[in-house]
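K.L.:
Dropping in query-v9.pdb, which is PDB, C-alpha atoms, pLDDT in the B column:
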ATOM      1  CA  MET A   1     -35.926 -35.068  15.821  1.00 42.00           C
ATOM      2  CA  ILE A   2     -33.208 -32.683  14.606  1.00 46.00           C
ATOM      3  CA  LEU A   3     -29.645 -33.598  15.512  1.00 46.00           C
ATOM      4  CA  GLN A   4     -27.101 -30.762  15.677  1.00 47.00           C
ATOM      5  CA  ASP A   5     -23.743 -31.316  14.080  1.00 46.00           C
ATOM      6  CA  PRO A   6     -21.290 -31.643  17.022  1.00 47.00           C
ATOM      7  CA  MET A   7     -18.650 -29.640  15.136  1.00 44.00           C
ATOM      8  CA  THR A   8     -21.092 -26.757  14.657  1.00 46.00           C
ATOM      9  CA  ALA A   9     -22.046 -26.926  18.311  1.00 51.00           C
ATOM     10  CA  LEU A  10     -18.414 -26.672  19.358  1.00 53.00           C
ATOM     11  CA  ASN A  11     -17.439 -24.052  16.753  1.00 56.00           C
ATOM     12  CA  PRO A  12     -20.399 -21.748  16.135  1.00 71.00           C
ATOM     13  CA  VAL A  13     -20.085 -19.071  13.460  1.00 81.00           C
ATOM     14  CA  PHE A  14     -20.420 -15.559  14.878  1.00 90.00           C
ATOM     15  CA  ASN A  15     -21.654 -12.548  12.980  1.00 93.00           C
ATOM     16  CA  VAL A  16     -20.048  -9.104  12.985  1.00 94.00           C
ATOM     17  CA  GLU A  17     -22.166  -7.898  15.889  1.00 94.00           C
ATOM     18  CA  ASN A  18     -21.054 -10.820  18.077  1.00 93.00           C
ATOM     19  CA  GLN A  19     -17.387 -10.485  17.212  1.00 93.00           C
ATOM     20  CA  VAL A  20     -17.051  -6.731  17.634  1.00 94.00           C
ATOM     21  CA  GLY A  21     -19.367  -6.681  20.641  1.00 94.00           C
ATOM     22  CA  GLU A  22     -17.495  -9.341  22.604  1.00 93.00           C
ATOM     23  CA  ALA A  23     -14.508  -7.130  23.442  1.00 89.00           C
ATOM     24  CA  ILE A  24     -16.740  -4.160  24.324  1.00 93.00           C
ATOM     25  CA  ARG A  25     -18.983  -6.288  26.511  1.00 93.00           C
ATOM     26  CA  ILE A  26     -16.068  -7.851  28.417  1.00 92.00           C
ATOM     27  CA  HIS A  27     -13.941  -4.733  28.883  1.00 91.00           C
ATOM     28  CA  GLN A  28     -16.580  -2.024  29.207  1.00 90.00           C
ATOM     29  CA  GLY A  29     -19.512  -4.002  30.561  1.00 91.00           C
ATOM     30  CA  LEU A  30     -21.996  -2.517  28.087  1.00 91.00           C
ATOM     31  CA  ARG A  31     -25.290  -4.204  27.226  1.00 92.00           C
ATOM     32  CA  GLY A  32     -28.391  -3.689  25.100  1.00 92.00           C
ATOM     33  CA  ARG A  33     -28.808  -0.550  23.010  1.00 93.00           C
ATOM     34  CA  THR A  34     -25.678   1.069  24.437  1.00 94.00           C
ATOM     35  CA  LEU A  35     -23.602  -1.917  23.324  1.00 94.00           C
ATOM     36  CA  LEU A  36     -25.231  -1.921  19.889  1.00 94.00           C
ATOM     37  CA  ALA A  37     -24.517   1.788  19.425  1.00 95.00           C
ATOM     38  CA  LYS A  38     -20.880   1.236  20.382  1.00 94.00           C
ATOM     39  CA  ILE A  39     -20.534  -1.612  17.871  1.00 95.00           C
ATOM     40  CA  ILE A  40     -22.004   0.495  15.061  1.00 95.00           C
ATOM     41  CA  ASP A  41     -19.725   3.394  15.982  1.00 94.00           C
ATOM     42  CA  ALA A  42     -16.653   1.126  15.817  1.00 93.00           C
ATOM     43  CA  LEU A  43     -17.669  -0.104  12.359  1.00 95.00           C
ATOM     44  CA  ARG A  44     -18.318   3.453  11.213  1.00 94.00           C
ATOM     45  CA  LYS A  45     -14.811   4.482  12.326  1.00 92.00           C
ATOM     46  CA  VAL A  46     -13.260   1.884  10.022  1.00 92.00           C
ATOM     47  CA  ARG A  47     -15.425   3.157   7.149  1.00 92.00           C
ATOM     48  CA  ILE A  48     -17.675   0.096   6.781  1.00 94.00           C
ATOM     49  CA  PRO A  49     -20.706   1.231   4.767  1.00 93.00           C
ATOM     50  CA  ALA A  50     -24.214   0.766   6.215  1.00 94.00           C
ATOM     51  CA  PRO A  51     -22.921  -0.553   9.575  1.00 94.00           C
ATOM     52  CA  GLU A  52     -26.467  -0.827  10.933  1.00 94.00           C
ATOM     53  CA  THR A  53     -27.140  -3.675   8.500  1.00 93.00           C
ATOM     54  CA  ARG A  54     -23.602  -5.059   8.209  1.00 93.00           C
ATOM     55  CA  ILE A  55     -23.596  -6.086  11.878  1.00 94.00           C
ATOM     56  CA  LYS A  56     -25.804  -9.056  10.960  1.00 94.00           C
ATOM     57  CA  ASP A  57     -23.370 -10.305   8.285  1.00 94.00           C
ATOM     58  CA  TYR A  58     -21.084 -13.297   8.766  1.00 93.00           C
ATOM     59  CA  PRO A  59     -17.394 -13.421   7.754  1.00 90.00           C
ATOM     60  CA  HIS A  60     -18.085 -15.518   4.635  1.00 91.00           C
ATOM     61  CA  GLN A  61     -20.434 -12.776   3.397  1.00 92.00           C
ATOM     62  CA  LEU A  62     -17.684 -10.131   3.451  1.00 92.00           C
ATOM     63  CA  SER A  63     -14.765  -9.455   1.134  1.00 89.00           C
ATOM     64  CA  GLY A  64     -11.200  -9.791   2.393  1.00 86.00           C
ATOM     65  CA  GLY A  65     -10.907  -6.017   2.748  1.00 87.00           C
ATOM     66  CA  MET A  66     -14.162  -5.790   4.712  1.00 91.00           C
ATOM     67  CA  ARG A  67     -13.097  -8.634   7.013  1.00 91.00           C
ATOM     68  CA  GLN A  68      -9.843  -6.796   7.684  1.00 89.00           C
ATOM     69  CA  ARG A  69     -11.818  -3.669   8.570  1.00 92.00           C
ATOM     70  CA  VAL A  70     -13.939  -5.659  11.023  1.00 94.00           C
ATOM     71  CA  VAL A  71     -10.730  -6.848  12.669  1.00 92.00           C
ATOM     72  CA  GLY A  72      -9.677  -3.208  12.859  1.00 91.00           C
ATOM     73  CA  ALA A  73     -13.015  -2.323  14.469  1.00 93.00           C
ATOM     74  CA  ILE A  74     -12.464  -5.018  17.105  1.00 93.00           C
ATOM     75  CA  GLY A  75      -8.980  -3.616  17.745  1.00 91.00           C
ATOM     76  CA  ILE A  76     -10.085  -0.018  18.291  1.00 91.00           C
ATOM     77  CA  SER A  77     -13.469  -0.743  19.899  1.00 91.00           C
ATOM     78  CA  CYS A  78     -12.165  -0.260  23.449  1.00 89.00           C
ATOM     79  CA  GLU A  79     -10.153   2.852  22.559  1.00 88.00           C
ATOM     80  CA  PRO A  80      -6.648   1.466  23.231  1.00 91.00           C
ATOM     81  CA  LEU A  81      -3.556   3.632  23.458  1.00 93.00           C
ATOM     82  CA  VAL A  82      -1.521   1.157  21.398  1.00 93.00           C
ATOM     83  CA  LEU A  83      -2.621  -1.116  18.550  1.00 92.00           C
ATOM     84  CA  ILE A  84      -0.395  -4.034  17.502  1.00 92.00           C
ATOM     85  CA  ALA A  85      -0.879  -4.786  13.799  1.00 90.00           C
ATOM     86  CA  ASP A  86       0.707  -8.153  12.952  1.00 91.00           C
ATOM     87  CA  GLU A  87       1.003  -8.467   9.146  1.00 89.00           C
ATOM     88  CA  PRO A  88      -2.183  -6.391   8.700  1.00 85.00           C
ATOM     89  CA  THR A  89      -2.206  -6.580   4.897  1.00 84.00           C
ATOM     90  CA  THR A  90      -1.551 -10.303   4.444  1.00 80.00           C
ATOM     91  CA  SER A  91      -3.648 -11.857   1.630  1.00 77.00           C
ATOM     92  CA  LEU A  92      -4.969  -8.459   0.485  1.00 80.00           C
ATOM     93  CA  ASP A  93      -4.341  -7.293  -3.071  1.00 84.00           C
ATOM     94  CA  VAL A  94      -2.272  -4.141  -3.615  1.00 83.00           C
ATOM     95  CA  THR A  95      -5.242  -1.791  -4.077  1.00 84.00           C
ATOM     96  CA  ILE A  96      -6.989  -3.010  -0.915  1.00 85.00           C
ATOM     97  CA  GLN A  97      -3.691  -2.871   0.979  1.00 87.00           C
ATOM     98  CA  ALA A  98      -3.253   0.804   0.120  1.00 87.00           C
ATOM     99  CA  ALA A  99      -6.823   1.636   1.155  1.00 88.00           C
ATOM    100  CA  TYR A 100      -6.478  -0.201   4.459  1.00 88.00           C
ATOM    101  CA  LEU A 101      -3.163   1.440   5.319  1.00 89.00           C
ATOM    102  CA  ARG A 102      -4.637   4.832   4.480  1.00 90.00           C
ATOM    103  CA  LEU A 103      -7.521   4.040   6.814  1.00 90.00           C
ATOM    104  CA  LEU A 104      -5.136   3.181   9.653  1.00 90.00           C
ATOM    105  CA  LYS A 105      -3.343   6.491   9.095  1.00 90.00           C
ATOM    106  CA  GLU A 106      -6.659   8.342   9.290  1.00 91.00           C
ATOM    107  CA  ILE A 107      -7.671   6.552  12.497  1.00 90.00           C
ATOM    108  CA  GLN A 108      -4.268   7.329  14.004  1.00 90.00           C
ATOM    109  CA  ALA A 109      -4.609  11.030  13.130  1.00 90.00           C
ATOM    110  CA  GLU A 110      -8.136  11.179  14.566  1.00 89.00           C
ATOM    111  CA  THR A 111      -7.473   9.302  17.825  1.00 88.00           C
ATOM    112  CA  GLY A 112      -3.763   9.750  18.579  1.00 90.00           C
ATOM    113  CA  LEU A 113      -3.440   5.956  18.604  1.00 90.00           C
ATOM    114  CA  ALA A 114       0.092   4.502  18.492  1.00 93.00           C
ATOM    115  CA  ILE A 115       0.485   1.572  16.094  1.00 93.00           C
ATOM    116  CA  ILE A 116       3.156  -1.121  16.210  1.00 94.00           C
ATOM    117  CA  PHE A 117       3.487  -2.805  12.808  1.00 92.00           C
ATOM    118  CA  ILE A 118       4.945  -6.307  12.637  1.00 94.00           C
ATOM    119  CA  THR A 119       5.775  -6.874   8.991  1.00 92.00           C
ATOM    120  CA  HIS A 120       8.311  -8.143   6.487  1.00 89.00           C
ATOM    121  CA  ASP A 121       7.062  -5.666   3.855  1.00 88.00           C
ATOM    122  CA  PHE A 122       9.514  -2.779   3.438  1.00 88.00           C
ATOM    123  CA  GLY A 123       6.901  -0.824   1.495  1.00 86.00           C
ATOM    124  CA  ILE A 124       4.676  -0.742   4.574  1.00 88.00           C
ATOM    125  CA  VAL A 125       7.634   0.223   6.756  1.00 91.00           C
ATOM    126  CA  ALA A 126       8.562   3.130   4.469  1.00 89.00           C
ATOM    127  CA  LYS A 127       4.962   4.321   4.141  1.00 88.00           C
ATOM    128  CA  MET A 128       3.663   3.892   7.667  1.00 89.00           C
ATOM    129  CA  CYS A 129       6.456   3.953  10.240  1.00 93.00           C
ATOM    130  CA  ASP A 130       8.409   6.629  12.079  1.00 93.00           C
ATOM    131  CA  ARG A 131      10.845   4.293  13.818  1.00 95.00           C
ATOM    132  CA  VAL A 132      11.978   0.776  12.948  1.00 96.00           C
ATOM    133  CA  ALA A 133      13.288  -2.139  14.996  1.00 97.00           C
ATOM    134  CA  VAL A 134      14.918  -4.952  13.001  1.00 97.00           C
ATOM    135  CA  MET A 135      14.848  -8.408  14.602  1.00 96.00           C
ATOM    136  CA  TYR A 136      16.946 -11.485  13.944  1.00 96.00           C
ATOM    137  CA  ALA A 137      16.696 -14.806  15.796  1.00 95.00           C
ATOM    138  CA  GLY A 138      14.290 -13.330  18.320  1.00 93.00           C
ATOM    139  CA  LYS A 139      16.370 -10.274  19.262  1.00 95.00           C
ATOM    140  CA  ILE A 140      16.360  -6.648  18.158  1.00 96.00           C
ATOM    141  CA  VAL A 141      19.610  -6.061  16.260  1.00 97.00           C
ATOM    142  CA  GLU A 142      19.068  -2.488  15.066  1.00 97.00           C
ATOM    143  CA  THR A 143      16.761   0.400  15.884  1.00 97.00           C
ATOM    144  CA  GLY A 144      16.496   3.799  14.262  1.00 97.00           C
ATOM    145  CA  ASP A 145      14.370   6.295  12.390  1.00 96.00           C
ATOM    146  CA  VAL A 146      13.068   5.123   9.015  1.00 95.00           C
ATOM    147  CA  ARG A 147      15.522   7.272   7.057  1.00 95.00           C
ATOM    148  CA  GLN A 148      18.454   6.031   9.162  1.00 96.00           C
ATOM    149  CA  ILE A 149      17.533   2.395   8.634  1.00 96.00           C
ATOM    150  CA  PHE A 150      16.903   2.731   4.891  1.00 95.00           C
ATOM    151  CA  ASN A 151      19.766   5.097   4.061  1.00 94.00           C
ATOM    152  CA  ARG A 152      22.446   4.179   6.622  1.00 95.00           C
ATOM    153  CA  PRO A 153      21.922   0.643   7.968  1.00 96.00           C
ATOM    154  CA  LYS A 154      24.444  -0.256  10.670  1.00 96.00           C
ATOM    155  CA  HIS A 155      23.780  -3.952  11.109  1.00 97.00           C
ATOM    156  CA  PRO A 156      24.798  -6.524   8.466  1.00 96.00           C
ATOM    157  CA  TYR A 157      21.382  -8.217   8.590  1.00 96.00           C
ATOM    158  CA  THR A 158      19.555  -4.929   7.950  1.00 96.00           C
ATOM    159  CA  GLU A 159      21.899  -4.162   5.072  1.00 95.00           C
ATOM    160  CA  ALA A 160      21.329  -7.637   3.620  1.00 94.00           C
ATOM    161  CA  LEU A 161      17.537  -7.326   3.918  1.00 93.00           C
ATOM    162  CA  LEU A 162      17.562  -4.021   2.058  1.00 92.00           C
ATOM    163  CA  ALA A 163      19.868  -5.448  -0.605  1.00 90.00           C
ATOM    164  CA  SER A 164      17.421  -8.302  -1.210  1.00 88.00           C
ATOM    165  CA  VAL A 165      14.652  -5.893  -2.268  1.00 84.00           C
ATOM    166  CA  PRO A 166      14.777  -5.431  -6.078  1.00 80.00           C
ATOM    167  CA  LYS A 167      14.990  -1.848  -7.330  1.00 76.00           C
ATOM    168  CA  LEU A 168      13.091  -0.726 -10.419  1.00 72.00           C
ATOM    169  CA  GLU A 169      15.852   1.642 -11.502  1.00 74.00           C
ATOM    170  CA  GLU A 170      18.509  -1.087 -11.468  1.00 72.00           C
ATOM    171  CA  LYS A 171      18.943  -4.002 -13.852  1.00 77.00           C
ATOM    172  CA  THR A 172      20.326  -7.232 -12.434  1.00 74.00           C
ATOM    173  CA  ASP A 173      20.793 -10.744 -13.741  1.00 75.00           C
ATOM    174  CA  ARG A 174      20.320 -12.337 -10.333  1.00 80.00           C
ATOM    175  CA  LEU A 175      18.481 -11.139  -7.226  1.00 80.00           C
ATOM    176  CA  TYR A 176      20.528 -10.876  -4.053  1.00 84.00           C
ATOM    177  CA  ALA A 177      19.880 -13.538  -1.403  1.00 87.00           C
ATOM    178  CA  ILE A 178      21.288 -13.858   2.102  1.00 90.00           C
ATOM    179  CA  ALA A 179      23.556 -16.900   2.231  1.00 89.00           C
ATOM    180  CA  GLY A 180      22.930 -19.680   4.735  1.00 91.00           C
ATOM    181  CA  GLN A 181      19.975 -20.353   7.001  1.00 92.00           C
ATOM    182  CA  PRO A 182      18.649 -18.766  10.235  1.00 92.00           C
ATOM    183  CA  PRO A 183      19.721 -20.635  13.391  1.00 93.00           C
ATOM    184  CA  ALA A 184      17.356 -22.863  15.354  1.00 92.00           C
ATOM    185  CA  LEU A 185      16.017 -20.767  18.238  1.00 92.00           C
ATOM    186  CA  TYR A 186      16.453 -23.692  20.635  1.00 92.00           C
ATOM    187  CA  ASN A 187      20.151 -23.946  19.765  1.00 90.00           C
ATOM    188  CA  LEU A 188      21.526 -20.435  19.236  1.00 91.00           C
ATOM    189  CA  PRO A 189      25.300 -20.016  18.826  1.00 88.00           C
ATOM    190  CA  ALA A 190      27.346 -18.534  21.660  1.00 89.00           C
ATOM    191  CA  GLY A 191      28.095 -15.273  19.893  1.00 94.00           C
ATOM    192  CA  CYS A 192      26.118 -13.226  17.378  1.00 96.00           C
ATOM    193  CA  SER A 193      23.335 -15.293  15.809  1.00 95.00           C
ATOM    194  CA  PHE A 194      24.011 -13.733  12.393  1.00 96.00           C
ATOM    195  CA  ALA A 195      27.757 -14.442  12.463  1.00 95.00           C
ATOM    196  CA  PRO A 196      27.662 -17.610  10.263  1.00 94.00           C
ATOM    197  CA  ARG A 197      25.987 -15.599   7.470  1.00 94.00           C
ATOM    198  CA  CYS A 198      27.777 -12.281   7.943  1.00 95.00           C
ATOM    199  CA  PRO A 199      30.367 -10.815   5.518  1.00 93.00           C
ATOM    200  CA  TYR A 200      31.724  -8.558   8.294  1.00 95.00           C
ATOM    201  CA  VAL A 201      32.314 -11.317  10.840  1.00 95.00           C
ATOM    202  CA  ILE A 202      35.359 -11.158  13.130  1.00 95.00           C
ATOM    203  CA  ASP A 203      36.506 -13.650  15.767  1.00 95.00           C
ATOM    204  CA  ARG A 204      34.749 -11.825  18.601  1.00 96.00           C
ATOM    205  CA  CYS A 205      31.401 -12.190  16.824  1.00 96.00           C
ATOM    206  CA  LYS A 206      31.590 -15.983  17.229  1.00 94.00           C
ATOM    207  CA  GLU A 207      32.388 -15.826  20.928  1.00 94.00           C
ATOM    208  CA  GLU A 208      30.325 -13.035  22.507  1.00 95.00           C
ATOM    209  CA  TYR A 209      26.920 -11.528  21.728  1.00 95.00           C
ATOM    210  CA  PRO A 210      27.333  -7.770  21.088  1.00 96.00           C
ATOM    211  CA  PRO A 211      25.633  -5.036  23.122  1.00 96.00           C
ATOM    212  CA  LEU A 212      23.778  -2.179  21.442  1.00 95.00           C
ATOM    213  CA  PHE A 213      26.225   0.401  20.067  1.00 96.00           C
ATOM    214  CA  SER A 214      25.156   3.970  19.330  1.00 96.00           C
ATOM    215  CA  ALA A 215      25.827   4.581  15.641  1.00 94.00           C
ATOM    216  CA  GLU A 216      24.242   8.041  15.705  1.00 93.00           C
ATOM    217  CA  GLU A 217      21.537   9.842  17.647  1.00 94.00           C
ATOM    218  CA  ARG A 218      18.575   7.475  18.274  1.00 94.00           C
ATOM    219  CA  HIS A 219      20.216   4.835  16.077  1.00 97.00           C
ATOM    220  CA  VAL A 220      21.700   1.711  17.687  1.00 97.00           C
ATOM    221  CA  SER A 221      23.139  -1.531  16.337  1.00 97.00           C
ATOM    222  CA  ALA A 222      23.990  -4.852  17.991  1.00 97.00           C
ATOM    223  CA  CYS A 223      27.151  -5.468  15.979  1.00 97.00           C
ATOM    224  CA  TRP A 224      30.801  -5.592  17.053  1.00 97.00           C
ATOM    225  CA  ASN A 225      31.858  -4.423  13.605  1.00 95.00           C
ATOM    226  CA  TRP A 226      29.067  -1.894  12.924  1.00 96.00           C
ATOM    227  CA  GLU A 227      31.474   0.823  11.744  1.00 94.00           C
ATOM    228  CA  GLN A 228      32.429  -1.336   8.745  1.00 94.00           C
ATOM    229  CA  VAL A 229      28.851  -1.983   7.598  1.00 93.00           C
ATOM    230  CA  GLY A 230      28.330  -0.504   4.146  1.00 84.00           C
ATOM    231  CA  LYS A 231      32.003  -0.622   3.165  1.00 75.00           C
ATOM    232  CA  ILE A 232      31.942  -4.073   1.540  1.00 65.00           C
ATOM    233  CA  ARG A 233      28.881  -3.925  -0.686  1.00 60.00           C
TER     234      ARG A 233
END
Translate this structure into structure tokens?
P.N.:
Amino acid sequence: MILQDPMTALNPVFNVENQVGEAIRIHQGLRGRTLLAKIIDALRKVRIPAPETRIKDYPHQLSGGMRQRVVGAIGISCEPLVLIADEPTTSLDVTIQAAYLRLLKEIQAETGLAIIFITHDFGIVAKMCDRVAVMYAGKIVETGDVRQIFNRPKHPYTEALLASVPKLEEKTDRLYAIAGQPPALYNLPAGCSFAPRCPYVIDRCKEEYPPLFSAEERHVSACWNWEQVGKIR
């Protein structure tokens, strides 16, 4: 008598064909050879070599870069209009990161797919994005084109984030760090959430949360004192 491990029974390991095919089967109702062809096509779009044989592989048989491509295949398998990429290059080395980002650019050019990147990596933002929304304590505090955000930040938090990125052309004895700690989301202050850490803070910041002010065309900032940003540092 062969007893099956209860943990294996509850958490079976699925191969690439199962994982990519699940979304297609549920959303498009495909079965059999049609489903198999769709799975192989999705893998081919993310440049996985020999997809006809790779579909039988399991995650532990793939490299980190290949696993990330399978995730990409799952994401585009049902031909969405928008793809949300949440930290898509986490745990990948720099070379694999660059290849994967280049792949996403190619897929976007081929399909017209819109991609929302959620990332803390300014290199990805500069390389991949057209527009940027900066969030602090669960709220968007600044939105603008990439050049506006990088060259003319109008929120103190955005300015501080950019200042914390070391620059190769500059020598410094100590890296810049934002003073203080983020607030607890269950106990946000009455005014601006960044006020306790902000060098531009005024009394109104501590009492009332600011609306979005238009700093320039298509560039807004949630800061009462946005016109002063950039004049201290």
K.L.:
Quick one, how far is atom CA of A:Glu217 from atom CA of A:Lys154?
P.N.:
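That distance, rounded to one decimal, is 12.6 Å.
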K.L.:
If the PyMOL selection byres ((chain A and resi 142) around 6) is run on the structure shown, which residues does it catch, given as number ranges by chain?
P.N.:
A: 133-134, 140-141, 143, 220-221
K.L.:
Please list as a list in words every residue within 8 Å of A:Lys38, counting all atoms listed in the file and excluding residues in the same chain fewer than 3 positions away.
P.N.:
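Skipping anything fewer than 3 positions along the chain leaves Ile24, Thr34, Leu35, Asp41, Ala42 and Ser77 of chain A.
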K.L.:
For the residues in the current selection, export C-alpha atoms as a PDB file, keeping the file's coordinate frame.
P.N.:
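That gives us result24.pdb:
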ATOM      1  CA  ILE A  24     -16.740  -4.160  24.324  1.00 93.00           C
ATOM      2  CA  THR A  34     -25.678   1.069  24.437  1.00 94.00           C
ATOM      3  CA  LEU A  35     -23.602  -1.917  23.324  1.00 94.00           C
ATOM      4  CA  ASP A  41     -19.725   3.394  15.982  1.00 94.00           C
ATOM      5  CA  ALA A  42     -16.653   1.126  15.817  1.00 93.00           C
ATOM      6  CA  SER A  77     -13.469  -0.743  19.899  1.00 91.00           C
TER       7      SER A  77
END
K.L.:
For the file shown, report as a PyMOL selection string the outcome of the PyMOL selection byres ((chain A and resi 91-102) around 12) at residue level.
P.N.:
chain A and resi 46-48+63-72+85+87-90+103-109+115+117+121+123-129
K.L.:
Keeping only C-alpha atoms, write those residues as a PDB file, in the frame of the given file.
P.N.:
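The resulting file, again09.pdb, is reproduced below:
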ATOM      1  CA  VAL A  46     -13.260   1.884  10.022  1.00 92.00           C
ATOM      2  CA  ARG A  47     -15.425   3.157   7.149  1.00 92.00           C
ATOM      3  CA  ILE A  48     -17.675   0.096   6.781  1.00 94.00           C
ATOM      4  CA  SER A  63     -14.765  -9.455   1.134  1.00 89.00           C
ATOM      5  CA  GLY A  64     -11.200  -9.791   2.393  1.00 86.00           C
ATOM      6  CA  GLY A  65     -10.907  -6.017   2.748  1.00 87.00           C
ATOM      7  CA  MET A  66     -14.162  -5.790   4.712  1.00 91.00           C
ATOM      8  CA  ARG A  67     -13.097  -8.634   7.013  1.00 91.00           C
ATOM      9  CA  GLN A  68      -9.843  -6.796   7.684  1.00 89.00           C
ATOM     10  CA  ARG A  69     -11.818  -3.669   8.570  1.00 92.00           C
ATOM     11  CA  VAL A  70     -13.939  -5.659  11.023  1.00 94.00           C
ATOM     12  CA  VAL A  71     -10.730  -6.848  12.669  1.00 92.00           C
ATOM     13  CA  GLY A  72      -9.677  -3.208  12.859  1.00 91.00           C
ATOM     14  CA  ALA A  85      -0.879  -4.786  13.799  1.00 90.00           C
ATOM     15  CA  GLU A  87       1.003  -8.467   9.146  1.00 89.00           C
ATOM     16  CA  PRO A  88      -2.183  -6.391   8.700  1.00 85.00           C
ATOM     17  CA  THR A  89      -2.206  -6.580   4.897  1.00 84.00           C
ATOM     18  CA  THR A  90      -1.551 -10.303   4.444  1.00 80.00           C
ATOM     19  CA  LEU A 103      -7.521   4.040   6.814  1.00 90.00           C
ATOM     20  CA  LEU A 104      -5.136   3.181   9.653  1.00 90.00           C
ATOM     21  CA  LYS A 105      -3.343   6.491   9.095  1.00 90.00           C
ATOM     22  CA  GLU A 106      -6.659   8.342   9.290  1.00 91.00           C
ATOM     23  CA  ILE A 107      -7.671   6.552  12.497  1.00 90.00           C
ATOM     24  CA  GLN A 108      -4.268   7.329  14.004  1.00 90.00           C
ATOM     25  CA  ALA A 109      -4.609  11.030  13.130  1.00 90.00           C
ATOM     26  CA  ILE A 115       0.485   1.572  16.094  1.00 93.00           C
ATOM     27  CA  PHE A 117       3.487  -2.805  12.808  1.00 92.00           C
ATOM     28  CA  ASP A 121       7.062  -5.666   3.855  1.00 88.00           C
ATOM     29  CA  GLY A 123       6.901  -0.824   1.495  1.00 86.00           C
ATOM     30  CA  ILE A 124       4.676  -0.742   4.574  1.00 88.00           C
ATOM     31  CA  VAL A 125       7.634   0.223   6.756  1.00 91.00           C
ATOM     32  CA  ALA A 126       8.562   3.130   4.469  1.00 89.00           C
ATOM     33  CA  LYS A 127       4.962   4.321   4.141  1.00 88.00           C
ATOM     34  CA  MET A 128       3.663   3.892   7.667  1.00 89.00           C
ATOM     35  CA  CYS A 129       6.456   3.953  10.240  1.00 93.00           C
TER      36      CYS A 129
END
K.L.:
One number please: atom CA of A:Tyr157 to atom CA of A:Ala195, in Å, one decimal.
P.N.:
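Computed distance, atom CA of A:Tyr157 to atom CA of A:Ala195, equals 9.7 Å.
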K.L.:
Rebuild stretch 112-126 of chain A so that it carries N, CA and C atoms, then output the result as a short mmCIF file (atom, residue, chain, number, x, y, z; two decimals), in the frame of the given file.
P.N.:
data_model
loop_
_atom_site.label_atom_id
_atom_site.label_comp_id
_atom_site.auth_asym_id
_atom_site.auth_seq_id
_atom_site.Cartn_x
_atom_site.Cartn_y
_atom_site.Cartn_z
N GLY A 112 -5.06 9.69 17.90
CA GLY A 112 -3.76 9.75 18.58
C GLY A 112 -3.24 8.38 18.94
N LEU A 113 -3.81 7.34 18.34
CA LEU A 113 -3.44 5.96 18.60
C LEU A 113 -2.02 5.67 18.12
N ALA A 114 -1.23 4.97 18.93
CA ALA A 114 0.09 4.50 18.49
C ALA A 114 -0.06 3.12 17.88
N ILE A 115 0.60 2.86 16.78
CA ILE A 115 0.48 1.57 16.09
C ILE A 115 1.86 0.93 15.97
N ILE A 116 1.95 -0.33 16.41
CA ILE A 116 3.16 -1.12 16.21
C ILE A 116 2.89 -2.08 15.06
N PHE A 117 3.63 -1.91 13.96
CA PHE A 117 3.49 -2.80 12.81
C PHE A 117 4.52 -3.93 12.91
N ILE A 118 4.05 -5.16 12.76
CA ILE A 118 4.94 -6.31 12.64
C ILE A 118 4.82 -6.77 11.20
N THR A 119 5.88 -6.60 10.42
CA THR A 119 5.78 -6.87 8.99
C THR A 119 7.13 -7.20 8.39
N HIS A 120 7.10 -7.91 7.27
CA HIS A 120 8.31 -8.14 6.49
C HIS A 120 8.29 -7.30 5.22
N ASP A 121 7.26 -6.46 5.06
CA ASP A 121 7.06 -5.67 3.86
C ASP A 121 7.71 -4.29 4.03
N PHE A 122 8.81 -4.05 3.31
CA PHE A 122 9.51 -2.78 3.44
C PHE A 122 8.70 -1.61 2.91
N GLY A 123 7.77 -1.88 1.99
CA GLY A 123 6.90 -0.82 1.50
C GLY A 123 6.03 -0.28 2.60
N ILE A 124 5.49 -1.17 3.43
CA ILE A 124 4.68 -0.74 4.57
C ILE A 124 5.53 0.03 5.56
N VAL A 125 6.74 -0.46 5.82
CA VAL A 125 7.63 0.22 6.76
C VAL A 125 7.90 1.65 6.29
N ALA A 126 8.24 1.80 5.01
CA ALA A 126 8.56 3.13 4.47
C ALA A 126 7.36 4.05 4.50
#
